[in-house]
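Have a look at final_21.txt below; it lists compact mmCIF, C-alpha atoms.
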# COMPACT_ATOMS: atom_id res chain seq x y z
CA MET F 1 122.26 34.10 49.05
CA VAL F 2 124.80 36.81 48.23
CA SER F 3 124.17 38.95 45.18
CA ALA F 4 126.70 41.19 43.47
CA VAL F 5 126.32 43.93 40.91
CA PHE F 6 128.96 44.05 38.16
CA HIS F 7 129.50 47.14 36.06
CA SER F 8 130.92 47.07 32.62
CA PRO F 9 134.42 48.54 32.21
CA LEU F 10 133.06 50.59 29.31
CA ASP F 11 130.52 52.26 31.57
CA ALA F 12 133.22 53.17 34.06
CA ALA F 13 135.43 54.59 31.35
CA ALA F 14 132.55 56.63 29.95
CA ALA F 15 131.78 58.04 33.36
CA LYS F 16 135.42 59.01 33.89
CA ALA F 17 135.68 60.62 30.47
CA ALA F 18 132.49 62.67 30.82
CA PRO F 19 133.33 66.30 31.59
CA ILE F 20 131.88 67.93 34.69
CA VAL F 21 129.71 70.86 33.68
CA ALA F 22 129.32 73.51 36.38
CA ALA F 23 126.00 75.27 36.76
CA LYS F 24 126.07 78.67 35.21
CA PRO F 25 125.30 81.37 37.81
CA MET F 26 122.16 83.44 37.26
CA PRO F 27 122.85 87.10 36.58
CA ALA F 28 122.03 89.56 39.36
CA VAL F 29 119.54 91.38 37.10
CA ALA F 30 117.59 88.16 36.58
CA ILE F 31 117.54 87.47 40.32
CA ALA F 32 116.25 90.97 41.04
CA ALA F 33 113.58 90.58 38.36
CA ALA F 34 112.48 87.25 39.81
CA VAL F 35 112.23 88.73 43.26
CA ALA F 36 110.28 91.73 41.96
CA VAL F 37 107.86 89.49 40.07
CA ALA F 38 107.25 87.23 43.10
CA PRO F 39 104.05 88.35 44.86
CA ALA F 40 104.36 89.55 48.48
CA PRO F 41 102.62 87.40 51.05
CA ALA F 42 99.22 88.71 52.01
CA PRO F 43 98.98 90.04 55.59
CA GLU F 44 97.08 87.86 57.98
CA PRO F 45 93.72 89.32 58.98
CA ARG F 46 93.68 90.66 62.55
CA THR F 47 91.03 89.09 64.64
CA ARG F 48 89.39 91.32 67.24
CA THR F 49 88.98 89.79 70.66
CA PRO F 50 85.33 90.07 71.65
CA LEU F 51 84.65 92.04 74.82
CA ASP F 52 83.51 89.79 77.64
CA LEU F 53 80.77 91.95 79.11
CA ARG F 54 79.77 89.34 81.67
CA ALA F 55 83.27 89.21 83.20
CA PHE F 56 83.44 93.02 83.16
CA TRP F 57 80.16 93.45 85.02
CA MET F 58 81.07 90.69 87.47
CA ARG F 59 84.16 92.71 88.39
CA VAL F 60 82.37 96.06 88.61
CA LEU F 61 78.92 95.33 90.00
CA PRO F 62 79.81 93.58 93.31
CA PRO F 63 81.98 96.48 94.63
CA LEU F 64 79.35 99.02 93.52
CA ALA F 65 76.64 97.00 95.22
CA GLY F 66 78.70 96.85 98.42
CA PHE F 67 79.25 100.62 98.49
CA GLY F 68 75.61 101.19 97.65
CA LEU F 69 74.51 99.01 100.57
CA LEU F 70 76.87 100.92 102.89
CA LEU F 71 75.42 104.27 101.77
CA LEU F 72 71.88 102.97 102.19
CA ILE F 73 72.51 101.79 105.75
CA TRP F 74 74.31 105.06 106.52
CA GLU F 75 71.36 107.09 105.19
CA ILE F 76 68.87 105.07 107.25
CA VAL F 77 70.94 105.49 110.43
CA ALA F 78 71.22 109.26 109.81
CA MET F 79 67.47 109.55 109.26
CA LYS F 80 66.62 107.62 112.42
CA SER F 81 69.25 109.36 114.56
CA THR F 82 68.22 112.04 117.02
CA THR F 83 71.77 113.19 117.81
CA GLY F 84 72.55 114.89 114.50
CA PHE F 85 74.39 112.01 112.81
CA PRO F 86 75.52 113.38 109.42
CA THR F 87 74.09 112.03 106.19
CA PRO F 88 76.33 110.88 103.32
CA ALA F 89 75.56 114.10 101.41
CA ALA F 90 76.48 116.31 104.36
CA THR F 91 79.68 114.32 104.95
CA TRP F 92 80.59 114.69 101.28
CA GLN F 93 80.19 118.46 101.47
CA GLN F 94 82.34 118.56 104.60
CA ALA F 95 84.98 116.40 102.86
CA LEU F 96 85.17 118.91 100.01
CA THR F 97 85.83 121.63 102.57
CA VAL F 98 88.44 119.57 104.44
CA PHE F 99 90.37 118.58 101.33
CA SER F 100 90.22 122.00 99.74
CA ASP F 101 93.17 122.95 101.98
CA PRO F 102 94.58 119.79 103.59
CA PHE F 103 97.96 121.31 104.50
CA TYR F 104 96.99 124.43 106.40
CA SER F 105 98.71 125.14 109.72
CA LYS F 106 97.29 127.42 112.40
CA GLY F 107 99.33 126.24 115.33
CA PRO F 108 100.61 122.96 116.77
CA ASN F 109 97.10 121.70 117.57
CA ASP F 110 95.27 123.03 114.50
CA GLN F 111 96.66 121.56 111.28
CA GLY F 112 95.15 120.12 108.13
CA VAL F 113 94.40 116.45 107.58
CA GLY F 114 97.38 116.15 105.24
CA TRP F 115 99.89 117.10 107.94
CA ASN F 116 98.22 114.71 110.37
CA VAL F 117 98.44 111.78 107.95
CA LEU F 118 102.10 112.54 107.17
CA SER F 119 102.95 112.70 110.88
CA SER F 120 101.31 109.33 111.49
CA LEU F 121 103.11 107.80 108.51
CA GLN F 122 106.42 109.15 109.81
CA ARG F 123 105.89 107.46 113.19
CA VAL F 124 104.86 104.23 111.49
CA ALA F 125 107.94 104.32 109.23
CA LEU F 126 110.31 104.85 112.16
CA GLY F 127 108.77 102.20 114.39
CA PHE F 128 108.38 99.72 111.56
CA GLY F 129 111.91 100.32 110.28
CA LEU F 130 113.42 99.66 113.70
CA ALA F 131 111.29 96.51 114.04
CA ALA F 132 112.53 95.27 110.65
CA LEU F 133 116.17 95.91 111.58
CA VAL F 134 115.75 93.83 114.73
CA GLY F 135 113.02 91.35 113.84
CA ILE F 136 114.23 89.97 110.51
CA PRO F 137 117.79 89.07 111.67
CA ALA F 138 116.31 87.68 114.91
CA GLY F 139 113.93 85.52 112.88
CA PHE F 140 116.81 84.15 110.79
CA ALA F 141 118.80 83.34 113.95
CA ILE F 142 115.87 81.70 115.74
CA GLY F 143 114.97 79.61 112.71
CA ARG F 144 118.59 78.63 112.01
CA PHE F 145 119.75 77.58 115.47
CA GLU F 146 117.69 75.22 117.63
CA PHE F 147 119.18 76.52 120.88
CA LEU F 148 118.00 80.06 120.15
CA ALA F 149 114.59 78.75 119.11
CA ARG F 150 114.16 76.92 122.42
CA MET F 151 115.40 80.00 124.24
CA PHE F 152 113.16 82.64 122.66
CA ASN F 153 109.99 80.75 121.71
CA PRO F 154 108.56 80.88 125.27
CA LEU F 155 109.27 84.62 125.51
CA ILE F 156 107.62 85.29 122.14
CA SER F 157 104.60 83.18 123.10
CA LEU F 158 104.29 85.14 126.34
CA LEU F 159 104.70 88.68 124.97
CA ARG F 160 103.03 88.43 121.56
CA PRO F 161 99.39 88.29 122.81
CA VAL F 162 99.84 91.46 124.90
CA SER F 163 97.87 94.40 123.52
CA PRO F 164 100.20 96.96 121.92
CA LEU F 165 98.61 99.78 123.89
CA ALA F 166 99.68 98.08 127.10
CA TRP F 167 103.25 98.94 126.12
CA LEU F 168 102.46 102.64 125.75
CA PRO F 169 102.82 103.54 129.47
CA ILE F 170 106.18 101.74 129.50
CA GLY F 171 107.28 103.92 126.60
CA LEU F 172 106.07 107.09 128.32
CA LEU F 173 107.96 106.12 131.48
CA VAL F 174 111.21 105.22 129.73
CA PHE F 175 111.37 107.81 126.94
CA LYS F 176 109.70 110.74 128.75
CA GLY F 177 107.89 111.88 125.62
CA ALA F 178 104.72 111.15 123.64
CA ASN F 179 106.36 110.88 120.21
CA PRO F 180 109.07 108.31 121.12
CA ALA F 181 106.48 106.42 123.19
CA ALA F 182 104.25 106.09 120.11
CA ILE F 183 107.23 104.93 118.01
CA TRP F 184 108.09 102.39 120.72
CA THR F 185 104.51 101.07 120.61
CA ILE F 186 104.73 100.66 116.82
CA PHE F 187 108.06 98.89 117.21
CA ILE F 188 106.82 96.37 119.77
CA CYS F 189 103.67 95.50 117.82
CA SER F 190 105.46 95.22 114.46
CA ILE F 191 108.33 93.00 115.50
CA TRP F 192 106.38 89.82 116.26
CA PRO F 193 104.96 89.07 112.77
CA MET F 194 108.39 89.56 111.19
CA VAL F 195 110.21 87.39 113.75
CA ILE F 196 107.68 84.56 113.60
CA ASN F 197 107.22 84.45 109.80
CA THR F 198 110.95 84.69 109.12
CA ALA F 199 111.74 81.93 111.62
CA VAL F 200 109.04 79.67 110.16
CA GLY F 201 110.41 80.27 106.67
CA VAL F 202 113.94 79.30 107.76
CA GLN F 203 112.67 76.14 109.45
CA ARG F 204 110.78 75.10 106.30
CA VAL F 205 113.83 75.23 104.03
CA PRO F 206 114.24 71.69 102.59
CA SER F 207 116.85 69.64 104.43
CA ASP F 208 118.40 68.65 101.10
CA TYR F 209 119.57 72.23 100.62
CA MET F 210 121.31 72.23 103.98
CA ASN F 211 122.87 68.82 103.30
CA VAL F 212 124.33 70.13 100.03
CA ALA F 213 125.70 73.13 101.93
CA LYS F 214 127.42 70.77 104.39
CA VAL F 215 128.90 68.70 101.57
CA LEU F 216 130.23 71.81 99.85
CA ASN F 217 131.49 73.14 103.20
CA LEU F 218 129.81 76.51 102.66
CA SER F 219 130.34 79.28 105.17
CA GLU F 220 127.46 80.57 107.27
CA TRP F 221 127.37 83.75 105.19
CA LYS F 222 127.09 81.74 101.95
CA ILE F 223 124.30 79.64 103.47
CA LEU F 224 122.45 82.79 104.50
CA THR F 225 122.77 84.65 101.21
CA LYS F 226 122.62 81.80 98.69
CA ILE F 227 120.20 79.34 100.34
CA LEU F 228 118.19 80.79 103.21
CA PHE F 229 117.42 84.30 101.98
CA PRO F 230 115.90 83.31 98.58
CA ALA F 231 113.87 80.52 100.19
CA VAL F 232 112.64 82.64 103.12
CA LEU F 233 111.79 85.78 101.11
CA PRO F 234 108.07 84.96 100.58
CA TYR F 235 107.60 84.26 104.32
CA MET F 236 109.52 87.39 105.25
CA LEU F 237 107.44 89.62 102.97
CA THR F 238 104.25 88.13 104.44
CA GLY F 239 105.49 89.11 107.89
CA VAL F 240 106.24 92.61 106.63
CA ARG F 241 102.70 92.98 105.28
CA LEU F 242 101.17 91.84 108.56
CA ALA F 243 103.46 94.14 110.53
CA VAL F 244 102.59 97.23 108.48
CA GLY F 245 98.87 96.55 108.82
CA THR F 246 99.19 96.14 112.58
CA ALA F 247 101.32 99.28 112.89
CA TRP F 248 98.80 101.40 111.01
CA LEU F 249 96.02 100.09 113.24
CA VAL F 250 97.91 100.80 116.45
CA ILE F 251 99.17 104.29 115.62
CA VAL F 252 95.63 105.71 115.59
CA ALA F 253 94.89 104.48 119.10
CA ALA F 254 98.33 105.49 120.36
CA GLU F 255 97.94 109.04 119.04
CA MET F 256 94.53 109.33 120.67
CA LEU F 257 96.21 108.74 124.03
CA THR F 258 99.41 110.70 123.51
CA GLY F 259 98.13 113.73 121.60
CA GLY F 260 100.18 115.89 119.27
CA VAL F 261 99.90 115.91 115.51
CA GLY F 262 98.58 112.74 113.87
CA ILE F 263 95.46 111.23 112.36
CA GLY F 264 94.55 109.60 115.69
CA PHE F 265 94.85 112.89 117.53
CA TRP F 266 92.78 114.55 114.78
CA VAL F 267 89.96 112.03 115.34
CA TRP F 268 90.02 112.60 119.09
CA ASP F 269 90.15 116.39 118.70
CA GLU F 270 87.15 116.35 116.34
CA TRP F 271 85.27 114.23 118.87
CA ASN F 272 85.94 116.83 121.54
CA ASN F 273 84.54 119.42 119.12
CA LEU F 274 81.51 117.14 118.41
CA ASN F 275 82.32 117.24 114.69
CA VAL F 276 81.11 113.77 113.69
CA ALA F 277 81.43 114.44 109.95
CA ASN F 278 85.19 114.95 110.31
CA ILE F 279 85.44 111.73 112.31
CA ILE F 280 83.77 109.82 109.48
CA ILE F 281 86.12 111.49 106.98
CA ALA F 282 89.09 110.45 109.12
CA ILE F 283 87.80 106.85 109.15
CA PHE F 284 87.75 106.80 105.35
CA VAL F 285 91.20 108.42 105.18
CA ILE F 286 92.63 105.78 107.55
CA GLY F 287 91.10 103.01 105.46
CA ILE F 288 92.37 104.43 102.16
CA VAL F 289 95.92 104.90 103.48
CA GLY F 290 95.92 101.35 104.87
CA LEU F 291 94.66 100.04 101.52
CA VAL F 292 97.43 101.88 99.65
CA LEU F 293 100.09 100.48 102.00
CA GLU F 294 98.71 96.96 101.54
CA PHE F 295 98.61 97.31 97.75
CA ALA F 296 102.18 98.65 97.62
CA LEU F 297 103.49 95.74 99.69
CA ILE F 298 101.61 93.22 97.54
CA LYS F 299 103.29 94.69 94.46
CA LEU F 300 106.65 94.55 96.22
CA ALA F 301 106.13 90.93 97.19
CA THR F 302 105.05 90.03 93.65
CA ALA F 303 108.16 91.68 92.20
CA PHE F 304 110.56 89.74 94.44
CA THR F 305 108.90 86.31 94.47
CA PHE F 306 108.12 83.86 91.71
CA GLU F 307 104.86 82.68 93.21
CA GLU F 308 101.69 84.71 93.05
CA VAL F 309 101.04 86.77 96.15
CA LYS F 310 97.37 87.13 96.90
CA SER F 311 95.76 89.67 99.17
File written out as structure tokens:
Amino acid sequence: MVSAVFHSPLDAAAAKAAPIVAAKPMPAVAIAAAVAVAPAPAPEPRTRTPLDLRAFWMRVLPPLAGFGLLLLIWEIVAMKSTTGFPTPAATWQQALTVFSDPFYSKGPNDQGVGWNVLSSLQRVALGFGLAALVGIPAGFAIGRFEFLARMFNPLISLLRPVSPLAWLPIGLLVFKGANPAAIWTIFICSIWPMVINTAVGVQRVPSDYMNVAKVLNLSEWKILTKILFPAVLPYMLTGVRLAVGTAWLVIVAAEMLTGGVGIGFWVWDEWNNLNVANIIIAIFVIGIVGLVLEFALIKLATAFTFEEVKS
């Protein structure tokens, strides 16, 4: 059924004849008065977040308990020792003396702990920097091209397990000096983690990315900068962290053998002087410097990657 609505011609005429009355604007004074009269919204009450004491103590107590256990074992060993092993209190007093003037210099073989640490860090920076300049591009090439991977993988597998100190005599023979030999040892022990981790990162780039690069006919430079480098960056930074940790471990042993100024030489010199308290202080200094290097690289990795980097 179809229904229709019919309007009377009189209604239409009345609607047409009716004048259109525009709304009269409100004066500005009235608007201001209305706004002034309107009450302001009440501020929301601020809720205080309760302090989670349990989480706080769970973060603080375990490290304190670990250090307390270390001090207890140290005190027991010092009490039972018959060779004059220093107690924690005696070592603390000696540390105050050592760090009261850490940058004194009384000759090439008698310098403060600060100069020794800086000398070791300088060798580590040089050796590690050279390893990064060689190892990271080599890792990209090995991971990118199968021929190079088949060519260098046996050599890396053969040379990587060799102790870094085994390379020290080669450095002394070739470079005719203790300082370049130590830098060479740092270089050879730092290069393997960067080469291997970078190559693994390149090989794990999804094949879809490379297929898109082929379709778009991208140059090798575009593939490297736009596809490989962002994808490989987390692997590369992991290799850098491992390399720095290894370099800091090796430099102490290398300086013990080569002499000169450095934290390793300082440890060996204090052993020759039978100053065990200074040796213990050097152990803590080595650990703190290594911890700072690790923390700095974790922050660097977190800043340049989207995924969380855990220690």
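Every protein or nucleic acid residue with an atom no more than 12 Å from range 149-154 of chain F, counting all atoms listed in the file and leaving out same-chain residues fewer than 4 positions away, appears here: F:Ala138, F:Gly139, F:Phe140, F:Ala141, F:Ile142, F:Gly143, F:Arg144, F:Phe145, F:Leu158, F:Leu159, F:Arg160, F:Trp192, F:Val195, F:Ile196, F:Ala199, F:Val200, F:Val202, F:Gln203.
For the pair CA of Phe67 in chain F and CA of Pro88 in chain F, the separation is 11.7 Å.
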Extending 3 Å beyond the listed atoms of range 155-169 of chain F on each side, what axis-aligned box results? I want centre and edge lengths in Å to one decimal, as AutoDock Vina command-line options.
--center_x 103.6 --center_y 93.4 --center_z 125.5 --size_x 17.4 --size_y 26.4 --size_z 13.9
Rounded to one decimal, what separation in Å do you get between CA of Ile191 in chain F and CA of Ala132 in chain F? 6.8 Å
Distance query range 232-244 of chain F at most 6 Å, only C-alpha atoms, self and fewer than 3 positions along chain excluded, as a VMD selection string: chain F and resid 190 193 to 194 197 to 198 201 to 202 228 to 229 247
Once you have the residues from the selection above, write them out as a PDB file, keeping the file's coordinate frame, restricted to C-alpha atoms.
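Written output follows (out04.pdb):
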ATOM      1  CA  SER F 190     105.460  95.220 114.460  1.00  0.00           C
ATOM      2  CA  PRO F 193     104.960  89.070 112.770  1.00  0.00           C
ATOM      3  CA  MET F 194     108.390  89.560 111.190  1.00  0.00           C
ATOM      4  CA  ASN F 197     107.220  84.450 109.800  1.00  0.00           C
ATOM      5  CA  THR F 198     110.950  84.690 109.120  1.00  0.00           C
ATOM      6  CA  GLY F 201     110.410  80.270 106.670  1.00  0.00           C
ATOM      7  CA  VAL F 202     113.940  79.300 107.760  1.00  0.00           C
ATOM      8  CA  LEU F 228     118.190  80.790 103.210  1.00  0.00           C
ATOM      9  CA  PHE F 229     117.420  84.300 101.980  1.00  0.00           C
ATOM     10  CA  ALA F 247     101.320  99.280 112.890  1.00  0.00           C
TER      11      ALA F 247
END
Filtering to N, CA, C and O atoms, could range 200-214 of chain F of the supplied structure be written out as a compact mmCIF listing (two decimals), in the first residue's frame?
# COMPACT_ATOMS: atom_id res chain seq x y z
N VAL F 200 76.40 -12.99 11.88
CA VAL F 200 75.16 -13.69 12.23
C VAL F 200 73.96 -12.77 12.06
O VAL F 200 72.90 -13.18 11.57
N GLY F 201 74.10 -11.50 12.44
CA GLY F 201 73.01 -10.56 12.26
C GLY F 201 72.65 -10.35 10.80
O GLY F 201 71.46 -10.29 10.45
N VAL F 202 73.65 -10.27 9.92
CA VAL F 202 73.38 -10.11 8.49
C VAL F 202 72.67 -11.36 7.94
O VAL F 202 71.73 -11.26 7.15
N GLN F 203 73.10 -12.53 8.37
CA GLN F 203 72.50 -13.76 7.86
C GLN F 203 71.08 -13.97 8.35
O GLN F 203 70.32 -14.72 7.73
N ARG F 204 70.70 -13.32 9.45
CA ARG F 204 69.35 -13.47 9.99
C ARG F 204 68.40 -12.38 9.53
O ARG F 204 67.26 -12.31 10.01
N VAL F 205 68.82 -11.53 8.62
CA VAL F 205 67.90 -10.55 8.04
C VAL F 205 66.84 -11.31 7.23
O VAL F 205 67.18 -12.20 6.44
N PRO F 206 65.55 -11.02 7.41
CA PRO F 206 64.51 -11.75 6.68
C PRO F 206 64.71 -11.69 5.17
O PRO F 206 65.07 -10.65 4.61
N SER F 207 64.48 -12.82 4.51
CA SER F 207 64.69 -12.89 3.06
C SER F 207 63.71 -11.99 2.31
O SER F 207 64.01 -11.58 1.17
N ASP F 208 62.57 -11.68 2.93
CA ASP F 208 61.62 -10.78 2.27
C ASP F 208 62.23 -9.41 2.03
O ASP F 208 61.96 -8.76 1.01
N TYR F 209 63.04 -8.95 2.98
CA TYR F 209 63.68 -7.65 2.81
C TYR F 209 64.60 -7.65 1.59
O TYR F 209 64.61 -6.71 0.78
N MET F 210 65.36 -8.72 1.45
CA MET F 210 66.29 -8.80 0.33
C MET F 210 65.54 -8.97 -0.99
O MET F 210 65.97 -8.46 -2.04
N ASN F 211 64.42 -9.68 -0.97
CA ASN F 211 63.62 -9.82 -2.20
C ASN F 211 63.06 -8.47 -2.64
O ASN F 211 63.03 -8.16 -3.84
N VAL F 212 62.61 -7.66 -1.68
CA VAL F 212 62.11 -6.32 -2.02
C VAL F 212 63.24 -5.48 -2.60
O VAL F 212 63.04 -4.72 -3.56
N ALA F 213 64.45 -5.61 -2.03
CA ALA F 213 65.59 -4.87 -2.56
C ALA F 213 65.89 -5.26 -4.00
O ALA F 213 66.24 -4.41 -4.83
N LYS F 214 65.76 -6.56 -4.32
CA LYS F 214 65.98 -7.00 -5.70
C LYS F 214 64.91 -6.45 -6.64
O LYS F 214 65.19 -6.04 -7.76
